[in-house]
$ cat query-v1.cif   # mmCIF, C-alpha atoms and all ligand atoms
data_my_file
#
loop_
_atom_site.group_PDB
_atom_site.id
_atom_site.type_symbol
_atom_site.label_atom_id
_atom_site.label_comp_id
_atom_site.auth_asym_id
_atom_site.auth_seq_id
_atom_site.Cartn_x
_atom_site.Cartn_y
_atom_site.Cartn_z
ATOM 1 C CA MET C 1 52.217 -1.833 -176.616
ATOM 2 C CA SER C 2 55.539 -0.461 -175.517
ATOM 3 C CA LYS C 3 55.903 -2.728 -172.471
ATOM 4 C CA ARG C 4 58.700 -5.290 -172.344
ATOM 5 C CA SER C 5 58.644 -8.834 -171.009
ATOM 6 C CA PHE C 6 59.595 -8.976 -167.317
ATOM 7 C CA PRO C 7 61.606 -11.857 -165.783
ATOM 8 C CA LEU C 8 59.452 -14.221 -163.696
ATOM 9 C CA SER C 9 62.264 -14.423 -161.158
ATOM 10 C CA GLU C 10 61.735 -10.724 -160.397
ATOM 11 C CA VAL C 11 57.941 -10.653 -160.148
ATOM 12 C CA TYR C 12 58.255 -10.453 -156.354
ATOM 13 C CA ARG C 13 59.777 -7.016 -156.792
ATOM 14 C CA LEU C 14 56.466 -5.726 -158.203
ATOM 15 C CA LEU C 15 54.229 -7.375 -155.628
ATOM 16 C CA GLU C 16 56.218 -7.059 -152.416
ATOM 17 C CA PRO C 17 53.543 -5.594 -150.201
ATOM 18 C CA GLY C 18 55.509 -3.934 -147.455
ATOM 19 C CA PRO C 19 55.700 -2.368 -144.986
ATOM 20 C CA VAL C 20 58.908 -3.902 -143.743
ATOM 21 C CA ILE C 21 58.011 -5.627 -140.465
ATOM 22 C CA MET C 22 60.088 -7.136 -137.666
ATOM 23 C CA ILE C 23 58.915 -10.413 -136.139
ATOM 24 C CA SER C 24 59.960 -10.932 -132.545
ATOM 25 C CA THR C 25 59.802 -14.358 -130.941
ATOM 26 C CA ALA C 26 61.014 -15.891 -127.682
ATOM 27 C CA ARG C 27 61.850 -19.371 -126.477
ATOM 28 C CA LYS C 28 63.223 -20.416 -123.086
ATOM 29 C CA GLY C 29 63.709 -16.759 -122.120
ATOM 30 C CA ARG C 30 65.755 -15.939 -125.246
ATOM 31 C CA ALA C 31 64.243 -13.407 -127.607
ATOM 32 C CA ASN C 32 64.945 -13.055 -131.306
ATOM 33 C CA VAL C 33 63.887 -10.726 -134.088
ATOM 34 C CA MET C 34 63.880 -11.084 -137.862
ATOM 35 C CA THR C 35 62.880 -8.694 -140.605
ATOM 36 C CA MET C 36 60.358 -9.661 -143.251
ATOM 37 C CA THR C 37 58.141 -8.366 -146.026
ATOM 38 C CA TRP C 38 56.213 -11.373 -147.349
ATOM 39 C CA GLN C 39 53.102 -10.829 -145.251
ATOM 40 C CA THR C 40 49.456 -10.407 -146.114
ATOM 41 C CA MET C 41 46.203 -9.487 -144.382
ATOM 42 C CA ILE C 42 43.728 -12.383 -144.458
ATOM 43 C CA ASP C 43 40.744 -11.085 -142.472
ATOM 44 C CA PHE C 44 39.576 -7.884 -140.762
ATOM 45 C CA GLU C 45 38.377 -8.961 -137.327
ATOM 46 C CA PRO C 46 39.777 -10.760 -135.599
ATOM 47 C CA PRO C 47 42.735 -9.619 -137.694
ATOM 48 C CA LEU C 48 44.330 -12.618 -139.404
ATOM 49 C CA VAL C 49 47.710 -12.213 -141.064
ATOM 50 C CA GLY C 50 49.656 -14.627 -143.283
ATOM 51 C CA LEU C 51 53.436 -14.766 -142.822
ATOM 52 C CA ILE C 52 55.957 -16.518 -145.062
ATOM 53 C CA VAL C 53 58.845 -17.383 -142.761
ATOM 54 C CA SER C 54 61.551 -19.443 -144.467
ATOM 55 C CA ASN C 55 62.421 -22.731 -142.785
ATOM 56 C CA ARG C 56 66.078 -21.720 -143.089
ATOM 57 C CA ASN C 57 65.478 -19.007 -140.499
ATOM 58 C CA HIS C 58 65.828 -19.438 -136.746
ATOM 59 C CA THR C 59 62.465 -17.674 -136.413
ATOM 60 C CA PHE C 60 60.754 -20.550 -138.254
ATOM 61 C CA ASP C 61 61.798 -23.030 -135.537
ATOM 62 C CA ILE C 62 60.756 -20.729 -132.684
ATOM 63 C CA LEU C 63 57.435 -19.825 -134.299
ATOM 64 C CA LYS C 64 56.635 -23.472 -134.951
ATOM 65 C CA ALA C 65 57.504 -24.491 -131.388
ATOM 66 C CA THR C 66 55.976 -21.583 -129.439
ATOM 67 C CA LYS C 67 53.122 -20.559 -131.793
ATOM 68 C CA GLN C 68 53.550 -16.938 -130.690
ATOM 69 C CA CYS C 69 55.161 -13.801 -132.071
ATOM 70 C CA VAL C 70 54.907 -10.034 -132.218
ATOM 71 C CA ILE C 71 54.685 -8.159 -135.520
ATOM 72 C CA ASN C 72 56.594 -4.904 -134.956
ATOM 73 C CA ILE C 73 56.312 -2.139 -137.537
ATOM 74 C CA PRO C 74 59.383 0.103 -137.818
ATOM 75 C CA THR C 75 59.670 3.511 -139.478
ATOM 76 C CA ALA C 76 62.588 4.883 -141.461
ATOM 77 C CA LYS C 77 64.055 6.173 -138.162
ATOM 78 C CA ILE C 78 65.332 2.666 -137.416
ATOM 79 C CA ALA C 79 65.929 1.531 -141.011
ATOM 80 C CA LYS C 80 69.510 0.450 -140.306
ATOM 81 C CA GLN C 81 68.521 -1.749 -137.378
ATOM 82 C CA ALA C 82 65.564 -3.180 -139.312
ATOM 83 C CA ILE C 83 67.718 -4.231 -142.255
ATOM 84 C CA GLY C 84 70.452 -5.428 -139.906
ATOM 85 C CA CYS C 85 67.985 -7.832 -138.284
ATOM 86 C CA GLY C 86 67.272 -9.197 -141.768
ATOM 87 C CA ASN C 87 70.942 -9.726 -142.577
ATOM 88 C CA THR C 88 71.872 -11.681 -139.446
ATOM 89 C CA THR C 89 70.581 -14.802 -137.727
ATOM 90 C CA GLY C 90 69.702 -15.035 -134.075
ATOM 91 C CA ARG C 91 71.057 -18.585 -133.874
ATOM 92 C CA LYS C 92 74.346 -17.277 -132.496
ATOM 93 C CA ILE C 93 73.836 -13.613 -131.609
ATOM 94 C CA ASP C 94 71.389 -11.576 -129.555
ATOM 95 C CA LYS C 95 70.039 -9.126 -132.128
ATOM 96 C CA PHE C 96 68.372 -6.968 -129.451
ATOM 97 C CA GLU C 97 71.857 -6.337 -128.004
ATOM 98 C CA LYS C 98 73.647 -5.999 -131.328
ATOM 99 C CA PHE C 99 71.161 -3.509 -132.797
ATOM 100 C CA ARG C 100 70.342 -1.774 -129.497
ATOM 101 C CA LEU C 101 66.640 -2.522 -129.627
ATOM 102 C CA THR C 102 64.582 -2.290 -126.460
ATOM 103 C CA ARG C 103 62.490 -5.268 -125.334
ATOM 104 C CA VAL C 104 59.159 -4.479 -123.687
ATOM 105 C CA PRO C 105 57.106 -7.334 -122.199
ATOM 106 C CA ALA C 106 53.973 -8.096 -124.209
ATOM 107 C CA SER C 107 50.626 -8.531 -122.464
ATOM 108 C CA LEU C 108 49.443 -11.832 -123.937
ATOM 109 C CA VAL C 109 52.458 -13.549 -125.537
ATOM 110 C CA ALA C 110 55.991 -14.411 -124.428
ATOM 111 C CA ALA C 111 57.657 -12.646 -127.372
ATOM 112 C CA PRO C 112 58.670 -9.051 -126.547
ATOM 113 C CA LEU C 113 57.493 -5.828 -128.182
ATOM 114 C CA ILE C 114 60.216 -3.684 -129.770
ATOM 115 C CA ALA C 115 59.908 -0.233 -128.147
ATOM 116 C CA GLU C 116 61.491 1.582 -131.127
ATOM 117 C CA CYS C 117 58.733 0.375 -133.510
ATOM 118 C CA TYR C 118 55.656 2.614 -133.803
ATOM 119 C CA ALA C 119 53.186 -0.308 -133.748
ATOM 120 C CA ASN C 120 53.315 -3.767 -132.167
ATOM 121 C CA LEU C 121 50.867 -6.603 -132.803
ATOM 122 C CA GLU C 122 50.837 -9.530 -130.388
ATOM 123 C CA CYS C 123 49.995 -12.685 -132.333
ATOM 124 C CA ARG C 124 49.226 -16.360 -131.896
ATOM 125 C CA VAL C 125 49.677 -18.919 -134.686
ATOM 126 C CA VAL C 126 46.225 -20.291 -135.531
ATOM 127 C CA ASP C 127 47.129 -22.391 -138.563
ATOM 128 C CA ALA C 128 50.499 -23.887 -139.479
ATOM 129 C CA ARG C 129 49.199 -26.541 -141.872
ATOM 130 C CA LEU C 130 50.980 -24.926 -144.819
ATOM 131 C CA ALA C 131 54.215 -24.277 -142.906
ATOM 132 C CA GLU C 132 55.954 -27.439 -144.127
ATOM 133 C CA LYS C 133 54.928 -26.960 -147.760
ATOM 134 C CA TYR C 134 55.038 -23.174 -148.192
ATOM 135 C CA ASN C 135 56.567 -21.778 -144.961
ATOM 136 C CA PHE C 136 53.158 -20.143 -144.475
ATOM 137 C CA PHE C 137 51.824 -19.340 -140.985
ATOM 138 C CA VAL C 138 48.407 -17.849 -140.287
ATOM 139 C CA VAL C 139 48.548 -15.697 -137.152
ATOM 140 C CA LYS C 140 45.766 -13.966 -135.242
ATOM 141 C CA VAL C 141 46.436 -10.536 -133.752
ATOM 142 C CA VAL C 142 45.267 -10.761 -130.138
ATOM 143 C CA LYS C 143 46.470 -7.355 -128.926
ATOM 144 C CA ALA C 144 47.615 -4.267 -130.830
ATOM 145 C CA TRP C 145 49.666 -1.269 -129.620
ATOM 146 C CA ILE C 146 50.278 2.021 -131.386
ATOM 147 C CA ASP C 147 52.348 5.115 -130.556
ATOM 148 C CA PRO C 148 49.833 8.015 -130.534
ATOM 149 C CA ALA C 149 52.676 10.508 -131.015
ATOM 150 C CA GLU C 150 53.505 9.040 -134.426
ATOM 151 C CA LYS C 151 50.943 10.895 -136.580
ATOM 152 C CA SER C 152 52.180 9.883 -140.042
ATOM 153 C CA PRO C 153 54.587 6.974 -139.704
ATOM 154 C CA ARG C 154 57.112 6.852 -142.527
ATOM 155 C CA THR C 155 57.236 3.107 -143.040
ATOM 156 C CA LEU C 156 59.808 1.289 -145.152
ATOM 157 C CA HIS C 157 58.818 -0.619 -148.297
ATOM 158 C CA HIS C 158 60.980 -3.245 -149.943
ATOM 159 C CA HIS C 159 61.505 -3.569 -153.706
ATOM 160 C CA GLY C 160 64.210 -6.246 -153.644
ATOM 161 C CA LYS C 161 67.925 -6.055 -154.363
ATOM 162 C CA GLY C 162 68.580 -3.481 -151.645
ATOM 163 C CA VAL C 163 66.000 -0.986 -152.946
ATOM 164 C CA PHE C 164 63.533 0.535 -150.466
ATOM 165 C CA THR C 165 61.068 3.403 -150.543
ATOM 166 C CA ILE C 166 59.915 5.415 -147.573
ATOM 167 C CA ASP C 167 56.188 6.063 -147.252
ATOM 168 C CA GLY C 168 55.486 9.661 -148.199
ATOM 169 C CA LYS C 169 52.544 11.749 -149.310
ATOM 170 C CA ARG C 170 49.054 10.588 -148.241
ATOM 171 C CA ILE C 171 46.077 11.150 -150.556
ATOM 172 C CA ARG C 172 42.339 10.442 -150.192
ATOM 173 C CA MET C 173 40.257 8.699 -152.894
ATOM 174 C CA ALA C 174 36.589 7.605 -152.929
ATOM 175 C CA SER C 175 37.319 3.936 -152.182
ATOM 176 C CA LYS C 176 34.530 1.542 -151.095
ATOM 177 C CA MET C 177 36.927 -0.469 -148.967
ATOM 178 C CA PRO C 178 36.532 -0.145 -145.169
HETATM 179 C C1 LIG S 1 64.059 -6.423 -146.434
HETATM 180 C C2 LIG S 1 64.065 -7.869 -146.016
HETATM 181 C C3 LIG S 1 62.927 -8.641 -146.192
HETATM 182 C C4 LIG S 1 62.908 -9.981 -145.803
HETATM 183 N N1 LIG S 1 61.759 -10.708 -145.961
HETATM 184 C C5 LIG S 1 61.706 -11.983 -145.508
HETATM 185 C C6 LIG S 1 60.474 -12.716 -145.548
HETATM 186 O O1 LIG S 1 59.442 -12.226 -145.973
HETATM 187 N N2 LIG S 1 60.483 -13.993 -145.073
HETATM 188 C C7 LIG S 1 61.621 -14.590 -144.579
HETATM 189 O O2 LIG S 1 61.571 -15.748 -144.170
HETATM 190 N N3 LIG S 1 62.793 -13.913 -144.517
HETATM 191 C C8 LIG S 1 62.847 -12.622 -144.955
HETATM 192 N N4 LIG S 1 64.022 -11.912 -144.859
HETATM 193 C C9 LIG S 1 65.246 -12.602 -144.433
HETATM 194 C C10 LIG S 1 65.362 -12.798 -142.912
HETATM 195 O O3 LIG S 1 65.141 -11.587 -142.220
HETATM 196 C C11 LIG S 1 66.785 -13.316 -142.619
HETATM 197 O O4 LIG S 1 66.949 -14.595 -143.209
HETATM 198 C C12 LIG S 1 67.150 -13.328 -141.156
HETATM 199 O O5 LIG S 1 68.544 -13.524 -141.062
HETATM 200 C C13 LIG S 1 66.431 -14.408 -140.357
HETATM 201 O O6 LIG S 1 66.787 -14.267 -139.014
HETATM 202 P P1 LIG S 1 66.692 -15.455 -137.959
HETATM 203 O O7 LIG S 1 67.554 -16.585 -138.468
HETATM 204 O O8 LIG S 1 67.213 -14.856 -136.693
HETATM 205 O O9 LIG S 1 65.244 -15.865 -137.878
HETATM 206 C C14 LIG S 1 64.062 -10.572 -145.236
HETATM 207 C C15 LIG S 1 65.217 -9.789 -145.063
HETATM 208 C C16 LIG S 1 65.219 -8.447 -145.438
HETATM 209 C C17 LIG S 1 66.468 -7.625 -145.231
#
$ encode --input "query-v1.cif" --output "structure tokens"
Amino acid sequence: MSKRSFPLSEVYRLLEPGPVIMISTARKGRANVMTMTWQTMIDFEPPLVGLIVSNRNHTFDILKATKQCVINIPTAKIAKQAIGCGNTTGRKIDKFEKFRLTRVPASLVAAPLIAECYANLECRVVDARLAEKYNFFVVKVVKAWIDPAEKSPRTLHHHGKGVFTIDGKRIRMASKMP
């Protein structure tokens, strides 16, 4: 076998699921947004999603207190803003202002949708029992929005250490998955 041993500390770089997503939250009329990639689908319908939000992030406190968020899915068109929202904390700045992102009121949660993202998923936290131990929140998508004009969204995918790929060619295979 010609493979080499791979450092355990870098395993995340192989499994990072992507796409890059932007979590918006709001508390007392102040909205925030953070970028993340450690998310996973948990169930089809209602759609349940697992989010790892570090307790060092401002978003952790807001999510825990309000139990609401929006998962916004950006494309490469707003890559700079998306990464910027992952390199700054909303504790002191308004990232919507700084990165010129447009807030749109959501229908069922207080957190705003980000207009520049091609899809927006309004979510409620349904299980935070593992938040203290693993920073893990289970959220239920209660309303989903999609831009019909975006036919093949070129999403961003994170490989760690500043490396990203942009979604490209689509292929069809005989998969039994829904
Ligand atoms: C590409 C990328 C992926 C990230 N993934 C995560 C993640 O999965 N979970 C997390 O807690 N933080 C993640 N971060 C870091 C947060 O976005 C960052 O700590 C941010 O400053 C938090 O903002 P806040 O303090 O306003 O909540 C990621 C950042 C980048 C740039």
$ residues_near_ligand --input "query-v1.cif" --ligand "ligand LIG 1 (chain S)" --cutoff "10 Å" --atoms "all atoms listed in the file" --output "compact mmCIF listing (two decimals) with C-alpha atoms, in the frame of the given file"
# COMPACT_ATOMS: atom_id res chain seq x y z
CA GLU C 16 56.22 -7.06 -152.42
CA PRO C 17 53.54 -5.59 -150.20
CA GLY C 18 55.51 -3.93 -147.46
CA PRO C 19 55.70 -2.37 -144.99
CA VAL C 20 58.91 -3.90 -143.74
CA ILE C 21 58.01 -5.63 -140.46
CA MET C 22 60.09 -7.14 -137.67
CA ILE C 23 58.92 -10.41 -136.14
CA SER C 24 59.96 -10.93 -132.54
CA THR C 25 59.80 -14.36 -130.94
CA ALA C 31 64.24 -13.41 -127.61
CA ASN C 32 64.94 -13.06 -131.31
CA VAL C 33 63.89 -10.73 -134.09
CA MET C 34 63.88 -11.08 -137.86
CA THR C 35 62.88 -8.69 -140.60
CA MET C 36 60.36 -9.66 -143.25
CA THR C 37 58.14 -8.37 -146.03
CA TRP C 38 56.21 -11.37 -147.35
CA GLN C 39 53.10 -10.83 -145.25
CA LEU C 51 53.44 -14.77 -142.82
CA ILE C 52 55.96 -16.52 -145.06
CA VAL C 53 58.84 -17.38 -142.76
CA SER C 54 61.55 -19.44 -144.47
CA ASN C 55 62.42 -22.73 -142.78
CA ARG C 56 66.08 -21.72 -143.09
CA ASN C 57 65.48 -19.01 -140.50
CA HIS C 58 65.83 -19.44 -136.75
CA THR C 59 62.46 -17.67 -136.41
CA PHE C 60 60.75 -20.55 -138.25
CA ASP C 61 61.80 -23.03 -135.54
CA ILE C 62 60.76 -20.73 -132.68
CA LEU C 63 57.44 -19.82 -134.30
CA ALA C 79 65.93 1.53 -141.01
CA LYS C 80 69.51 0.45 -140.31
CA ALA C 82 65.56 -3.18 -139.31
CA ILE C 83 67.72 -4.23 -142.26
CA GLY C 84 70.45 -5.43 -139.91
CA CYS C 85 67.98 -7.83 -138.28
CA GLY C 86 67.27 -9.20 -141.77
CA ASN C 87 70.94 -9.73 -142.58
CA THR C 88 71.87 -11.68 -139.45
CA THR C 89 70.58 -14.80 -137.73
CA GLY C 90 69.70 -15.04 -134.07
CA ARG C 91 71.06 -18.58 -133.87
CA LYS C 92 74.35 -17.28 -132.50
CA ILE C 93 73.84 -13.61 -131.61
CA ASP C 94 71.39 -11.58 -129.56
CA LYS C 95 70.04 -9.13 -132.13
CA ASN C 135 56.57 -21.78 -144.96
CA PHE C 136 53.16 -20.14 -144.48
CA LEU C 156 59.81 1.29 -145.15
CA HIS C 157 58.82 -0.62 -148.30
CA HIS C 158 60.98 -3.24 -149.94
CA HIS C 159 61.50 -3.57 -153.71
CA GLY C 160 64.21 -6.25 -153.64
CA LYS C 161 67.92 -6.06 -154.36
CA GLY C 162 68.58 -3.48 -151.65
CA VAL C 163 66.00 -0.99 -152.95
CA PHE C 164 63.53 0.54 -150.47
$ residues_around --input "query-v1.cif" --residues "stretch 140-150 of chain C" --least-positions-apart "2" --cutoff "12 Å" --atoms "all atoms listed in the file" --output "ChimeraX atom specification"
/C:41-51,67-75,77,104,106-109,113-128,137-138,152-155
$ atom_distance --input "query-v1.cif" --atom1 "atom CA of C:Ala110" --atom2 "atom CA of C:Ala65"
12.3 Å
$ closest_residue --input "query-v1.cif" --among "C:Ala76, C:Lys98, C:Met1, C:Ala131" --to "C:Gly168" --atoms "only C-alpha atoms"
C:Ala76
$ atom_distance --input "query-v1.cif" --atom1 "atom CA of C:Tyr134" --atom2 "atom CA of C:Ala111"
23.5 Å
$ atom_distance --input "query-v1.cif" --atom1 "atom CA of C:Glu132" --atom2 "atom CA of C:Tyr12"
21.1 Å
$ build_atoms --input "query-v1.cif" --residues "stretch 77-96 of chain C" --atoms "N, CA and C atoms" --output "short mmCIF file (atom, residue, chain, number, x, y, z; two decimals), in the coordinates of the input"
data_model
loop_
_atom_site.label_atom_id
_atom_site.label_comp_id
_atom_site.auth_asym_id
_atom_site.auth_seq_id
_atom_site.Cartn_x
_atom_site.Cartn_y
_atom_site.Cartn_z
N LYS C 77 63.12 5.76 -139.23
CA LYS C 77 64.06 6.17 -138.16
C LYS C 77 64.97 5.03 -137.75
N ILE C 78 64.48 3.80 -137.83
CA ILE C 78 65.33 2.67 -137.42
C ILE C 78 65.60 1.73 -138.61
N ALA C 79 65.70 2.34 -139.79
CA ALA C 79 65.93 1.53 -141.01
C ALA C 79 67.17 0.65 -140.89
N LYS C 80 68.25 1.22 -140.37
CA LYS C 80 69.51 0.45 -140.31
C LYS C 80 69.36 -0.78 -139.43
N GLN C 81 68.73 -0.59 -138.27
CA GLN C 81 68.52 -1.75 -137.38
C GLN C 81 67.59 -2.77 -138.03
N ALA C 82 66.54 -2.27 -138.70
CA ALA C 82 65.56 -3.18 -139.31
C ALA C 82 66.25 -4.05 -140.36
N ILE C 83 67.05 -3.45 -141.21
CA ILE C 83 67.72 -4.23 -142.26
C ILE C 83 68.79 -5.12 -141.63
N GLY C 84 69.45 -4.61 -140.61
CA GLY C 84 70.45 -5.43 -139.91
C GLY C 84 69.85 -6.72 -139.37
N CYS C 85 68.64 -6.63 -138.84
CA CYS C 85 67.98 -7.83 -138.28
C CYS C 85 67.57 -8.80 -139.38
N GLY C 86 67.57 -8.32 -140.63
CA GLY C 86 67.27 -9.20 -141.77
C GLY C 86 68.53 -9.76 -142.39
N ASN C 87 69.68 -9.25 -142.00
CA ASN C 87 70.94 -9.73 -142.58
C ASN C 87 71.73 -10.61 -141.62
N THR C 88 71.16 -10.88 -140.46
CA THR C 88 71.87 -11.68 -139.45
C THR C 88 70.90 -12.71 -138.86
N THR C 89 71.45 -13.81 -138.37
CA THR C 89 70.58 -14.80 -137.73
C THR C 89 70.77 -14.78 -136.21
N GLY C 90 69.66 -15.01 -135.53
CA GLY C 90 69.70 -15.04 -134.07
C GLY C 90 70.16 -16.37 -133.52
N ARG C 91 70.59 -17.28 -134.39
CA ARG C 91 71.06 -18.58 -133.87
C ARG C 91 72.25 -18.41 -132.95
N LYS C 92 73.12 -17.44 -133.30
CA LYS C 92 74.35 -17.28 -132.50
C LYS C 92 74.42 -15.94 -131.77
N ILE C 93 73.71 -14.93 -132.25
CA ILE C 93 73.84 -13.61 -131.61
C ILE C 93 72.49 -13.15 -131.04
N ASP C 94 72.59 -12.22 -130.10
CA ASP C 94 71.39 -11.58 -129.56
C ASP C 94 71.19 -10.28 -130.34
N LYS C 95 70.22 -10.29 -131.26
CA LYS C 95 70.04 -9.13 -132.13
C LYS C 95 69.52 -7.91 -131.36
N PHE C 96 68.82 -8.12 -130.25
CA PHE C 96 68.37 -6.97 -129.45
C PHE C 96 69.59 -6.21 -128.93
#
